[in-house]
Amino acid sequence: MLSLALCTLGTGVSAHGGEKTYAQLPSETPANFAPVTENFDYVRREVDIAMRDGVRLHTVLLVPRGAKHAGMLLTRTPYGADDMSHRSDSPHLAMALRGYDNPADIIVQDGYIRVVQDIRGKHGSEGDFVMNRAPVGPQNPTPVDESSDIYDTVDWLSKNVPESNGKVGIIGISYDGFEALIATIRPHPALKVAVPINPMVDGWMGDDWFHQGAFRQQMLPYIYGMVASRGGKYGWASGYRDDYDLYLKGGSAGDIARAHGMEPLGFWQKILAHPSYDAFWRDQALDKLVAREPLTVPTMLVHSLWDQEDNYGDMAAYRALAPKDPKHDKLYLVIGPWRHAKTWEPAGAIGAIDLGSDTGTTFRQDILRPFLARYLKDGAAAIDIAPVNAFVTGENRWRKLTRWPSGCAAGCKPAMQDWYVDADGSLSSTKPTEGFDEYVSDPAKPVPYRVRPIQSWSHGVPDQVESWPEWLVDDQRQFATRTDVLTYTSAPLAAPLSLAGEPVVRLLASTSGSDSDWVVKLIDVYPDEVVDHPAMGGYQLPIAMEIFRGRYREGFDKPASLTPDTALPYRFPLPTVNHVFLPGHRVMVQIQSSWFPLYDRNPQTYVPNIFLARPGDYRKATQRIYRGSSQGTFVELPVVNVEH
């Protein structure tokens, strides 16, 4: 056998590096290949930029051919710089960039150099991945963080791209929006502008992981895919068509994660260990961090009114930063009628709701484009952009404002108006009768957050239209008929009712259990007949909906059992609204105690950690919602008086 092998090698077979090649029939793939790109309207470059600790971050630059003194637009992402910068095989930059988190039209029109970088520990970048890496400090004992990586990246770009003018802007959505906002902390002088869109800011208070204590368990597939590998090669396999069945049969969120082998995932272990709003979450809440820093980089925060993933963070960041900008020349806010990450697409509708115009293109061309040009182009003229550009849903028009919340450019500060629930299922600003309404909340039959079958948000289900992104505008009629949902409705309005700001829930409620969730929905009920859109007759459009985990009524860091059968007050905000209830429409409030499977089920029996709840902990409870003139349940609506 040995002599035969030697003989074979001697007759045209070579071996090197564990591979065999045959001279008689050589490989048809060349050792090196250079695609012909001279006819492309851009040049692609890849570089691994060294950070201060020696870790190299994979970075892609797309340079318009013939560019000179061009501004640079950077996005940092955990989702793959190579894919984000190569959406299709095309000689045209616009086609190469079309898709997620690429304002392709603006980049091409204004000749920006597009830069996309893999964050530390993801895809082509070296180092360790840490979800939403906290700044150097109590939760990050290392010498590097996202801010330092951005600083070092901007420093390299400003000195090593000859076609540029040395000016860098950063932009991004969601996780990439988190990167765009954290870039404003201790920024490099060459960072001239930041645009965080739907950013992850506080994962416990109201963004991806929790909402006021309730865990968003349908984020488990996201955590699984992000943390299990550097390149996201492992997909979540549920085996169910309907997520309602998957999560109900799976038990607690901890049981479901264990069944999918998530114990080795570091971030999941952190969530398990920190179910309450302790220092782990507070120390990395980005709105609190930017509040401690000077506002030096012009920043445009972009908020989507129906953001199904991160509807808390950008408004929290705006509240933190607004006091630092008394002249209204550094901080800008855009409020649009969108779902998460809709800003780069045409947006003439959301779900069944006609918005009256292409709001996405209006934002990009009339607001974002001149804003970026002002800071990234040489010799750009001053811009005439209002500090706040807010789309009014219901009326379908943009308002230019000086501050938020407001109903008009002159101020029109909202005044909180109390709308009370009453005995006959009515809702009004009139003081109600004393008493209570009750329902039975059964963890074995939780209220679905949308009509079943409920698909996983992370991937499409065969033969189903991808519908997760726009569930926040789903018609709520299916839920109003359940016996474990209380519904209160106003009379048809005689005049427009304009809201701008955060509604506040004032709940007086009791449970026969020792823990409970409370879900409150503010809904615009269309007339039974709508002349221009007959299909919208009677539609129940959610305007703002939120959940509150009862154990945190005394403080988000102080979970405590509830005293059974005792009326207790709760106060919590609903998401930001900018809406007009038109004449003939009605105002509705729905109240329930589960919102499944988006949020994990509350056992309704107090346990120290709901992630570890056992089957016997889940019990029915009788819930009572109390009415009364001096105390009782009502919603404070931020009403503004404006001319219609």
# chains A, B, ... in the order shown; residues from 1 in each chain; ligands from 1
$ select_by_dssp --residues "segment 345-379 of chain A" --states "alpha helix (DSSP H)" --output "ChimeraX atom specification"
/A:359-362,369-376
$ write_last_selection --atoms "N, CA, C and O atoms" --output "PDB file, in the first residue's frame"
ATOM      1  N   THR A 359     -45.345  58.480   4.375  1.00  0.00           N
ATOM      2  CA  THR A 359     -44.680  59.140   5.505  1.00  0.00           C
ATOM      3  C   THR A 359     -43.210  58.754   5.618  1.00  0.00           C
ATOM      4  O   THR A 359     -42.409  59.531   6.147  1.00  0.00           O
ATOM      5  N   GLY A 360     -42.831  57.576   5.131  1.00  0.00           N
ATOM      6  CA  GLY A 360     -41.433  57.178   5.189  1.00  0.00           C
ATOM      7  C   GLY A 360     -40.569  58.031   4.289  1.00  0.00           C
ATOM      8  O   GLY A 360     -39.502  58.514   4.693  1.00  0.00           O
ATOM      9  N   THR A 361     -41.014  58.243   3.050  1.00  0.00           N
ATOM     10  CA  THR A 361     -40.254  59.072   2.118  1.00  0.00           C
ATOM     11  C   THR A 361     -40.222  60.522   2.582  1.00  0.00           C
ATOM     12  O   THR A 361     -39.200  61.211   2.452  1.00  0.00           O
ATOM     13  N   THR A 362     -41.318  61.012   3.124  1.00  0.00           N
ATOM     14  CA  THR A 362     -41.339  62.378   3.657  1.00  0.00           C
ATOM     15  C   THR A 362     -40.285  62.539   4.741  1.00  0.00           C
ATOM     16  O   THR A 362     -39.533  63.531   4.763  1.00  0.00           O
ATOM     17  N   ARG A 369     -32.654  63.903   5.382  1.00  0.00           N
ATOM     18  CA  ARG A 369     -31.628  64.240   4.391  1.00  0.00           C
ATOM     19  C   ARG A 369     -30.998  65.613   4.636  1.00  0.00           C
ATOM     20  O   ARG A 369     -29.771  65.723   4.700  1.00  0.00           O
ATOM     21  N   PRO A 370     -31.777  66.678   4.790  1.00  0.00           N
ATOM     22  CA  PRO A 370     -31.133  67.975   5.065  1.00  0.00           C
ATOM     23  C   PRO A 370     -30.428  68.003   6.419  1.00  0.00           C
ATOM     24  O   PRO A 370     -29.437  68.724   6.587  1.00  0.00           O
ATOM     25  N   PHE A 371     -30.925  67.228   7.392  1.00  0.00           N
ATOM     26  CA  PHE A 371     -30.273  67.184   8.700  1.00  0.00           C
ATOM     27  C   PHE A 371     -28.873  66.590   8.581  1.00  0.00           C
ATOM     28  O   PHE A 371     -27.895  67.160   9.092  1.00  0.00           O
ATOM     29  N   LEU A 372     -28.732  65.480   7.892  1.00  0.00           N
ATOM     30  CA  LEU A 372     -27.412  64.879   7.718  1.00  0.00           C
ATOM     31  C   LEU A 372     -26.499  65.786   6.896  1.00  0.00           C
ATOM     32  O   LEU A 372     -25.314  65.948   7.220  1.00  0.00           O
ATOM     33  N   ALA A 373     -27.053  66.372   5.834  1.00  0.00           N
ATOM     34  CA  ALA A 373     -26.236  67.226   4.968  1.00  0.00           C
ATOM     35  C   ALA A 373     -25.654  68.407   5.726  1.00  0.00           C
ATOM     36  O   ALA A 373     -24.507  68.819   5.483  1.00  0.00           O
ATOM     37  N   ARG A 374     -26.419  68.950   6.657  1.00  0.00           N
ATOM     38  CA  ARG A 374     -25.954  70.115   7.422  1.00  0.00           C
ATOM     39  C   ARG A 374     -24.651  69.823   8.153  1.00  0.00           C
ATOM     40  O   ARG A 374     -23.775  70.703   8.253  1.00  0.00           O
ATOM     41  N   TYR A 375     -24.461  68.606   8.610  1.00  0.00           N
ATOM     42  CA  TYR A 375     -23.302  68.293   9.446  1.00  0.00           C
ATOM     43  C   TYR A 375     -22.245  67.450   8.753  1.00  0.00           C
ATOM     44  O   TYR A 375     -21.101  67.379   9.234  1.00  0.00           O
ATOM     45  N   LEU A 376     -22.580  66.830   7.611  1.00  0.00           N
ATOM     46  CA  LEU A 376     -21.611  65.953   6.953  1.00  0.00           C
ATOM     47  C   LEU A 376     -21.076  66.509   5.640  1.00  0.00           C
ATOM     48  O   LEU A 376     -20.045  66.038   5.150  1.00  0.00           O
TER      49      LEU A 376
END
$ residues_around --residues "Lys270 of chain A" --least-positions-apart "4" --cutoff "12 Å" --atoms "only C-alpha atoms" --output "list in words"
Val130, Met131, Gln139, Trp209, Ile223, Met262, Glu263, Pro264, Leu265, Gly266, His274, Pro275, Ser276, Asp278, Phe280 and Trp281 of chain A
$ write_last_selection --atoms "all heavy atoms" --output "CSV table (one decimal), in the first residue's frame"
chain,number,residue,atom,x,y,z
A,130,VAL,N,-20.9,40.8,24.2
A,130,VAL,CA,-21.7,41.0,25.4
A,130,VAL,C,-22.9,41.8,24.9
A,130,VAL,O,-22.8,42.9,24.3
A,130,VAL,CB,-20.9,41.8,26.4
A,130,VAL,CG1,-21.8,42.1,27.6
A,130,VAL,CG2,-19.7,41.0,26.9
A,131,MET,N,-24.1,41.3,25.2
A,131,MET,CA,-25.3,42.0,24.7
A,131,MET,C,-25.4,43.4,25.3
A,131,MET,O,-25.4,43.6,26.5
A,131,MET,CB,-26.6,41.2,25.1
A,131,MET,CG,-27.9,41.7,24.6
A,131,MET,SD,-28.2,41.2,22.9
A,131,MET,CE,-28.7,39.5,23.1
A,139,GLN,N,-20.7,47.5,35.8
A,139,GLN,CA,-21.2,46.3,35.1
A,139,GLN,C,-20.2,45.9,34.0
A,139,GLN,O,-20.5,45.0,33.2
A,139,GLN,CB,-22.6,46.6,34.5
A,139,GLN,CG,-23.6,47.0,35.5
A,139,GLN,CD,-23.8,46.0,36.6
A,139,GLN,OE1,-23.6,44.7,36.4
A,139,GLN,NE2,-24.1,46.5,37.8
A,209,TRP,N,-36.5,43.4,26.5
A,209,TRP,CA,-36.6,42.2,27.4
A,209,TRP,C,-37.8,42.2,28.4
A,209,TRP,O,-38.4,41.1,28.6
A,209,TRP,CB,-35.3,42.1,28.2
A,209,TRP,CG,-34.1,42.4,27.4
A,209,TRP,CD1,-33.1,43.4,27.7
A,209,TRP,CD2,-33.6,41.9,26.1
A,209,TRP,NE1,-32.1,43.4,26.7
A,209,TRP,CE2,-32.4,42.5,25.7
A,209,TRP,CE3,-34.2,40.9,25.3
A,209,TRP,CZ2,-31.8,42.2,24.6
A,209,TRP,CZ3,-33.5,40.6,24.1
A,209,TRP,CH2,-32.3,41.2,23.8
A,223,ILE,N,-32.7,36.0,21.7
A,223,ILE,CA,-31.6,35.8,22.5
A,223,ILE,C,-30.8,34.6,22.1
A,223,ILE,O,-29.6,34.6,22.0
A,223,ILE,CB,-32.0,35.7,24.0
A,223,ILE,CG1,-32.7,37.0,24.5
A,223,ILE,CG2,-30.9,35.3,24.9
A,223,ILE,CD1,-33.4,36.9,25.8
A,262,MET,N,-30.7,26.6,26.6
A,262,MET,CA,-30.2,27.9,26.7
A,262,MET,C,-29.3,28.2,27.9
A,262,MET,O,-28.8,29.3,28.1
A,262,MET,CB,-31.3,29.0,26.6
A,262,MET,CG,-32.0,29.1,25.3
A,262,MET,SD,-33.4,30.2,25.2
A,262,MET,CE,-32.5,31.8,25.5
A,263,GLU,N,-29.1,27.2,28.8
A,263,GLU,CA,-28.4,27.4,30.0
A,263,GLU,C,-27.0,27.9,29.8
A,263,GLU,O,-26.5,28.8,30.5
A,263,GLU,CB,-28.3,26.1,30.8
A,263,GLU,CG,-29.6,25.7,31.5
A,263,GLU,CD,-30.3,24.6,30.6
A,263,GLU,OE1,-30.1,24.7,29.4
A,263,GLU,OE2,-31.1,23.8,31.2
A,264,PRO,N,-26.2,27.5,28.7
A,264,PRO,CA,-24.9,28.0,28.5
A,264,PRO,C,-24.8,29.5,28.0
A,264,PRO,O,-23.7,30.1,28.0
A,264,PRO,CB,-24.3,27.1,27.4
A,264,PRO,CG,-25.2,25.9,27.4
A,264,PRO,CD,-26.5,26.4,27.8
A,265,LEU,N,-25.9,30.1,27.7
A,265,LEU,CA,-25.9,31.4,27.1
A,265,LEU,C,-25.8,32.5,28.2
A,265,LEU,O,-26.7,32.6,29.1
A,265,LEU,CB,-27.2,31.7,26.3
A,265,LEU,CG,-27.5,30.6,25.2
A,265,LEU,CD1,-28.7,31.0,24.4
A,265,LEU,CD2,-26.3,30.4,24.3
A,266,GLY,N,-24.7,33.2,28.2
A,266,GLY,CA,-24.4,34.2,29.3
A,266,GLY,C,-25.5,35.2,29.5
A,266,GLY,O,-25.8,35.5,30.6
A,274,HIS,N,-31.6,38.4,37.2
A,274,HIS,CA,-32.0,39.8,37.5
A,274,HIS,C,-33.4,40.1,37.0
A,274,HIS,O,-33.6,40.9,36.1
A,274,HIS,CB,-31.0,40.8,36.8
A,274,HIS,CG,-29.6,40.7,37.3
A,274,HIS,ND1,-29.1,41.2,38.5
A,274,HIS,CD2,-28.5,40.0,36.7
A,274,HIS,CE1,-27.8,40.9,38.6
A,274,HIS,NE2,-27.4,40.2,37.6
A,275,PRO,N,-34.4,39.4,37.6
A,275,PRO,CA,-35.8,39.6,37.2
A,275,PRO,C,-36.3,41.0,37.6
A,275,PRO,O,-37.3,41.4,37.0
A,275,PRO,CB,-36.5,38.5,37.8
A,275,PRO,CG,-35.7,38.2,39.1
A,275,PRO,CD,-34.3,38.4,38.7
A,276,SER,N,-35.7,41.7,38.5
A,276,SER,CA,-36.2,43.0,39.0
A,276,SER,C,-35.2,44.1,38.5
A,276,SER,O,-34.1,43.8,38.0
A,276,SER,CB,-36.3,43.0,40.5
A,276,SER,OG,-37.2,42.0,41.0
A,278,ASP,N,-32.7,46.0,39.3
A,278,ASP,CA,-31.7,46.2,40.2
A,278,ASP,C,-30.5,47.0,39.5
A,278,ASP,O,-30.7,47.5,38.4
A,278,ASP,CB,-31.2,44.9,40.8
A,278,ASP,CG,-30.7,43.9,39.7
A,278,ASP,OD1,-30.6,44.3,38.5
A,278,ASP,OD2,-30.6,42.7,40.0
A,280,PHE,N,-27.9,46.0,38.0
A,280,PHE,CA,-27.5,45.5,36.7
A,280,PHE,C,-28.2,46.2,35.6
A,280,PHE,O,-27.6,46.6,34.6
A,280,PHE,CB,-27.9,44.0,36.7
A,280,PHE,CG,-27.6,43.4,35.3
A,280,PHE,CD1,-26.4,43.1,34.9
A,280,PHE,CD2,-28.7,43.2,34.5
A,280,PHE,CE1,-26.2,42.6,33.6
A,280,PHE,CE2,-28.5,42.6,33.2
A,280,PHE,CZ,-27.2,42.3,32.8
A,281,TRP,N,-29.5,46.5,35.7
A,281,TRP,CA,-30.3,47.2,34.7
A,281,TRP,C,-30.1,48.7,34.8
A,281,TRP,O,-29.9,49.4,33.8
A,281,TRP,CB,-31.7,46.8,34.8
A,281,TRP,CG,-32.0,45.4,34.6
A,281,TRP,CD1,-32.4,44.5,35.5
A,281,TRP,CD2,-31.9,44.7,33.4
A,281,TRP,NE1,-32.6,43.2,35.0
A,281,TRP,CE2,-32.3,43.3,33.6
A,281,TRP,CE3,-31.6,45.0,32.1
A,281,TRP,CZ2,-32.3,42.3,32.6
A,281,TRP,CZ3,-31.6,44.1,31.1
A,281,TRP,CH2,-32.0,42.7,31.3
$ closest_residue --among "A:Ile385, A:Thr511, A:Asn39, A:Leu582" --to "Ser90 of chain A" --atoms "only C-alpha atoms"
A:Asn39
$ residues_around --residues "segment 43-52 of chain A" --least-positions-apart "4" --cutoff "10 Å" --atoms "only C-alpha atoms" --output "MDAnalysis selection string"
chainID A and resid 37:39 56:67 82 85:86 91 93 113:118 120 124:126 143:144 148:153 156:157
$ closest_residue --among "A:Ala94, A:Leu191, A:Ala228, A:Met72" --to "Phe40 of chain A" --atoms "only C-alpha atoms"
A:Ala94
$ atom_distance --atom1 "atom CA of Asp617 of chain A" --atom2 "atom CA of Ser561 of chain A"
13.5 Å
$ residues_around --residues "Gly250 of chain A" --least-positions-apart "3" --cutoff "12 Å" --atoms "only C-alpha atoms" --output "list of chain:residue names"
A:Gln217, A:Ser238, A:Gly239, A:Tyr240, A:Asp243, A:Tyr244, A:Asp245, A:Leu246, A:Tyr247, A:Ala253, A:Gly254, A:Asp255, A:Ile256, A:Ala257, A:Arg258, A:Ala259, A:His260, A:Ala444, A:Pro597, A:Asp600, A:Arg601, A:Ala613, A:Arg614, A:Pro615
$ atom_distance --atom1 "atom CA of Ala352 of chain A" --atom2 "atom CA of Trp471 of chain A"
10.6 Å
$ atom_distance --atom1 "atom CA of Tyr312 of chain A" --atom2 "atom CA of Ala349 of chain A"
22.3 Å
$ closest_residue --among "A:Gln24, A:Thr299, A:Gln631, A:Gln218" --to "Asp418 of chain A" --atoms "only C-alpha atoms"
A:Gln631
$ closest_residue --among "A:Asp475, A:Asp325, A:Glu146, A:Glu163" --to "Gly538 of chain A" --atoms "only C-alpha atoms"
A:Asp475
$ residues_around --residues "Tyr599 of chain A" --least-positions-apart "4" --cutoff "8 Å" --atoms "only C-alpha atoms" --output "ChimeraX atom specification"
/A:214-218,594-595
$ write_last_selection --atoms "all heavy atoms" --output "compact mmCIF listing (two decimals), in the first residue's frame"
# COMPACT_ATOMS: atom_id res chain seq x y z
N ALA A 214 -42.75 42.68 33.40
CA ALA A 214 -43.24 41.49 32.69
C ALA A 214 -42.24 41.12 31.60
O ALA A 214 -41.85 41.96 30.79
CB ALA A 214 -44.62 41.75 32.09
N PHE A 215 -41.84 39.86 31.58
CA PHE A 215 -40.83 39.40 30.63
C PHE A 215 -41.44 39.13 29.27
O PHE A 215 -42.45 38.44 29.15
CB PHE A 215 -40.16 38.13 31.15
CG PHE A 215 -39.15 37.56 30.20
CD1 PHE A 215 -38.04 38.29 29.82
CD2 PHE A 215 -39.32 36.28 29.68
CE1 PHE A 215 -37.11 37.77 28.93
CE2 PHE A 215 -38.39 35.74 28.79
CZ PHE A 215 -37.28 36.49 28.42
N ARG A 216 -40.80 39.67 28.24
CA ARG A 216 -41.25 39.47 26.86
C ARG A 216 -40.67 38.14 26.35
O ARG A 216 -39.64 38.10 25.69
CB ARG A 216 -40.81 40.64 25.98
CG ARG A 216 -41.59 41.91 26.29
CD ARG A 216 -40.94 43.13 25.65
NE ARG A 216 -40.96 43.11 24.21
CZ ARG A 216 -41.95 43.59 23.43
NH1 ARG A 216 -43.03 44.13 23.99
NH2 ARG A 216 -41.87 43.55 22.13
N GLN A 217 -41.38 37.06 26.66
CA GLN A 217 -40.79 35.74 26.42
C GLN A 217 -40.67 35.40 24.94
O GLN A 217 -39.88 34.52 24.57
CB GLN A 217 -41.59 34.67 27.15
CG GLN A 217 -42.99 34.47 26.67
CD GLN A 217 -43.73 33.39 27.44
OE1 GLN A 217 -43.17 32.74 28.31
NE2 GLN A 217 -45.00 33.22 27.14
N GLN A 218 -41.38 36.09 24.07
CA GLN A 218 -41.18 35.84 22.65
C GLN A 218 -39.86 36.41 22.14
O GLN A 218 -39.53 36.26 20.96
CB GLN A 218 -42.36 36.38 21.83
CG GLN A 218 -43.53 35.39 21.78
CD GLN A 218 -44.52 35.73 20.71
OE1 GLN A 218 -45.14 36.80 20.74
NE2 GLN A 218 -44.71 34.84 19.75
N SER A 594 -53.57 39.22 31.39
CA SER A 594 -52.55 38.45 30.66
C SER A 594 -52.50 38.97 29.24
O SER A 594 -53.47 39.55 28.73
CB SER A 594 -52.87 36.95 30.69
OG SER A 594 -54.18 36.69 30.22
N TRP A 595 -51.36 38.74 28.60
CA TRP A 595 -51.13 39.24 27.24
C TRP A 595 -50.16 38.25 26.61
O TRP A 595 -48.97 38.50 26.55
CB TRP A 595 -50.56 40.64 27.31
CG TRP A 595 -51.00 41.58 26.24
CD1 TRP A 595 -52.00 41.42 25.35
CD2 TRP A 595 -50.43 42.88 26.00
NE1 TRP A 595 -52.11 42.53 24.55
CE2 TRP A 595 -51.16 43.44 24.93
CE3 TRP A 595 -49.41 43.61 26.55
CZ2 TRP A 595 -50.87 44.70 24.41
CZ3 TRP A 595 -49.12 44.86 26.05
CH2 TRP A 595 -49.84 45.41 24.99
$ select_by_dssp --residues "segment 349-477 of chain A" --states "strand (DSSP E)" --output "PyMOL selection string"
chain A and resi 349-350+353-354+388-392+397-401+415-421+427-428+435-441
$ write_last_selection --atoms "N, CA, C and O atoms" --output "short mmCIF file (atom, residue, chain, number, x, y, z; two decimals), in the first residue's frame"
data_model
loop_
_atom_site.label_atom_id
_atom_site.label_comp_id
_atom_site.auth_asym_id
_atom_site.auth_seq_id
_atom_site.Cartn_x
_atom_site.Cartn_y
_atom_site.Cartn_z
N ALA A 349 -49.15 53.30 4.70
CA ALA A 349 -50.14 52.61 5.52
C ALA A 349 -49.40 51.81 6.56
O ALA A 349 -48.21 51.52 6.44
N ILE A 350 -50.12 51.45 7.62
CA ILE A 350 -49.63 50.48 8.58
C ILE A 350 -50.78 49.54 8.90
O ILE A 350 -51.84 49.98 9.35
N ILE A 353 -54.50 50.54 8.38
CA ILE A 353 -54.66 51.99 8.59
C ILE A 353 -54.01 52.77 7.46
O ILE A 353 -52.80 52.70 7.23
N ASP A 354 -54.81 53.54 6.75
CA ASP A 354 -54.33 54.42 5.68
C ASP A 354 -53.77 55.69 6.31
O ASP A 354 -54.47 56.39 7.04
N VAL A 388 -38.95 69.48 16.65
CA VAL A 388 -39.78 68.29 16.74
C VAL A 388 -40.67 68.22 15.50
O VAL A 388 -41.38 69.18 15.18
N ASN A 389 -40.60 67.11 14.79
CA ASN A 389 -41.52 66.84 13.69
C ASN A 389 -42.36 65.64 14.09
O ASN A 389 -41.84 64.53 14.22
N ALA A 390 -43.65 65.87 14.29
CA ALA A 390 -44.52 64.84 14.85
C ALA A 390 -45.72 64.60 13.95
O ALA A 390 -46.48 65.54 13.66
N PHE A 391 -45.89 63.36 13.53
CA PHE A 391 -47.05 63.00 12.71
C PHE A 391 -48.23 62.74 13.62
O PHE A 391 -48.13 62.02 14.63
N VAL A 392 -49.37 63.33 13.26
CA VAL A 392 -50.59 63.17 14.05
C VAL A 392 -51.43 62.08 13.43
O VAL A 392 -51.95 62.22 12.32
N ARG A 397 -51.44 64.11 9.49
CA ARG A 397 -50.66 65.27 9.06
C ARG A 397 -49.48 65.46 9.99
O ARG A 397 -49.47 65.00 11.13
N TRP A 398 -48.45 66.14 9.47
CA TRP A 398 -47.26 66.45 10.26
C TRP A 398 -47.43 67.78 10.98
O TRP A 398 -48.03 68.72 10.45
N ARG A 399 -46.90 67.84 12.19
CA ARG A 399 -46.82 69.10 12.91
C ARG A 399 -45.36 69.43 13.19
O ARG A 399 -44.58 68.56 13.56
N LYS A 400 -45.01 70.70 13.02
CA LYS A 400 -43.67 71.18 13.36
C LYS A 400 -43.76 71.89 14.71
O LYS A 400 -44.51 72.86 14.85
N LEU A 401 -43.00 71.40 15.68
CA LEU A 401 -43.10 71.87 17.06
C LEU A 401 -41.73 72.28 17.58
O LEU A 401 -40.69 71.87 17.05
N ALA A 415 -52.93 69.15 28.84
CA ALA A 415 -53.51 69.17 30.19
C ALA A 415 -54.11 67.80 30.45
O ALA A 415 -54.89 67.29 29.64
N MET A 416 -53.72 67.18 31.55
CA MET A 416 -54.20 65.84 31.84
C MET A 416 -55.68 65.87 32.20
O MET A 416 -56.11 66.64 33.07
N GLN A 417 -56.44 65.04 31.52
CA GLN A 417 -57.89 64.98 31.70
C GLN A 417 -58.27 63.56 32.11
O GLN A 417 -57.89 62.60 31.45
N ASP A 418 -59.03 63.44 33.20
CA ASP A 418 -59.37 62.12 33.74
C ASP A 418 -60.59 61.54 33.02
O ASP A 418 -61.64 62.18 32.96
N TRP A 419 -60.43 60.31 32.54
CA TRP A 419 -61.53 59.59 31.93
C TRP A 419 -61.78 58.34 32.75
O TRP A 419 -60.91 57.47 32.88
N TYR A 420 -62.98 58.24 33.32
CA TYR A 420 -63.31 57.24 34.32
C TYR A 420 -64.05 56.04 33.70
O TYR A 420 -64.88 56.21 32.80
N VAL A 421 -63.79 54.86 34.25
CA VAL A 421 -64.59 53.69 33.90
C VAL A 421 -65.85 53.72 34.76
O VAL A 421 -65.83 54.19 35.90
N LEU A 427 -67.36 55.02 29.51
CA LEU A 427 -66.11 55.73 29.78
C LEU A 427 -66.36 57.20 29.50
O LEU A 427 -66.86 57.56 28.43
N SER A 428 -66.06 58.05 30.47
CA SER A 428 -66.29 59.48 30.27
C SER A 428 -65.48 60.27 31.28
O SER A 428 -64.85 59.71 32.17
N GLY A 435 -68.39 51.28 43.11
CA GLY A 435 -68.58 49.85 42.89
C GLY A 435 -67.36 49.22 42.26
O GLY A 435 -66.27 49.80 42.25
N PHE A 436 -67.54 48.03 41.72
CA PHE A 436 -66.43 47.35 41.06
C PHE A 436 -66.97 46.43 39.98
O PHE A 436 -68.14 46.04 39.98
N ASP A 437 -66.10 46.11 39.03
CA ASP A 437 -66.37 45.09 38.02
C ASP A 437 -65.32 44.00 38.22
O ASP A 437 -64.19 44.28 38.65
N GLU A 438 -65.67 42.76 37.89
CA GLU A 438 -64.72 41.69 38.14
C GLU A 438 -64.69 40.68 36.99
O GLU A 438 -65.61 40.60 36.17
N TYR A 439 -63.60 39.95 36.95
CA TYR A 439 -63.43 38.87 35.98
C TYR A 439 -62.49 37.84 36.59
O TYR A 439 -61.78 38.13 37.57
N VAL A 440 -62.47 36.66 36.02
CA VAL A 440 -61.58 35.60 36.48
C VAL A 440 -60.44 35.47 35.47
O VAL A 440 -60.66 35.30 34.27
N SER A 441 -59.23 35.59 35.99
CA SER A 441 -58.04 35.42 35.16
C SER A 441 -57.49 34.01 35.38
O SER A 441 -57.15 33.64 36.50
#
$ closest_residue --among "A:Glu466, A:Asp110, A:Glu636, A:Asp384" --to "Ala500 of chain A" --atoms "only C-alpha atoms"
A:Glu636
$ residues_around --residues "Tyr552 of chain A" --least-positions-apart "4" --cutoff "9 Å" --atoms "only C-alpha atoms" --output "compact mmCIF listing (two decimals) with N, CA, C and O atoms, in the first residue's frame"
# COMPACT_ATOMS: atom_id res chain seq x y z
N GLN A 212 -41.98 46.96 32.30
CA GLN A 212 -42.41 47.22 33.67
C GLN A 212 -42.56 45.91 34.46
O GLN A 212 -43.54 45.69 35.15
N GLY A 213 -41.54 45.07 34.32
CA GLY A 213 -41.45 43.85 35.11
C GLY A 213 -41.92 42.58 34.44
O GLY A 213 -41.55 41.49 34.86
N SER A 276 -35.70 41.68 38.54
CA SER A 276 -36.17 42.99 39.02
C SER A 276 -35.22 44.09 38.55
O SER A 276 -34.12 43.82 38.05
N PHE A 548 -48.22 45.96 33.28
CA PHE A 548 -47.55 46.28 34.54
C PHE A 548 -47.62 45.05 35.43
O PHE A 548 -48.70 44.48 35.63
N PHE A 556 -39.83 49.26 41.45
CA PHE A 556 -39.39 48.26 40.49
C PHE A 556 -38.24 47.41 41.02
O PHE A 556 -37.97 46.33 40.50
N ASP A 557 -37.56 47.89 42.04
CA ASP A 557 -36.50 47.10 42.66
C ASP A 557 -36.97 46.44 43.96
O ASP A 557 -36.16 45.89 44.70
N LYS A 558 -38.29 46.52 44.21
CA LYS A 558 -38.83 46.00 45.48
C LYS A 558 -40.03 45.08 45.23
O LYS A 558 -41.17 45.41 45.56
N PRO A 559 -39.79 43.92 44.64
CA PRO A 559 -40.93 43.01 44.43
C PRO A 559 -41.52 42.57 45.75
O PRO A 559 -40.80 42.31 46.72
N ALA A 560 -42.85 42.53 45.81
CA ALA A 560 -43.53 42.13 47.04
C ALA A 560 -44.86 41.50 46.68
O ALA A 560 -45.50 41.86 45.68
N SER A 561 -45.29 40.56 47.50
CA SER A 561 -46.58 39.92 47.26
C SER A 561 -47.70 40.92 47.50
O SER A 561 -47.56 41.88 48.26
$ closest_residue --among "A:Asn198, A:Thr489, A:Asn602, A:Asn609" --to "Ala180 of chain A" --atoms "only C-alpha atoms"
A:Asn198
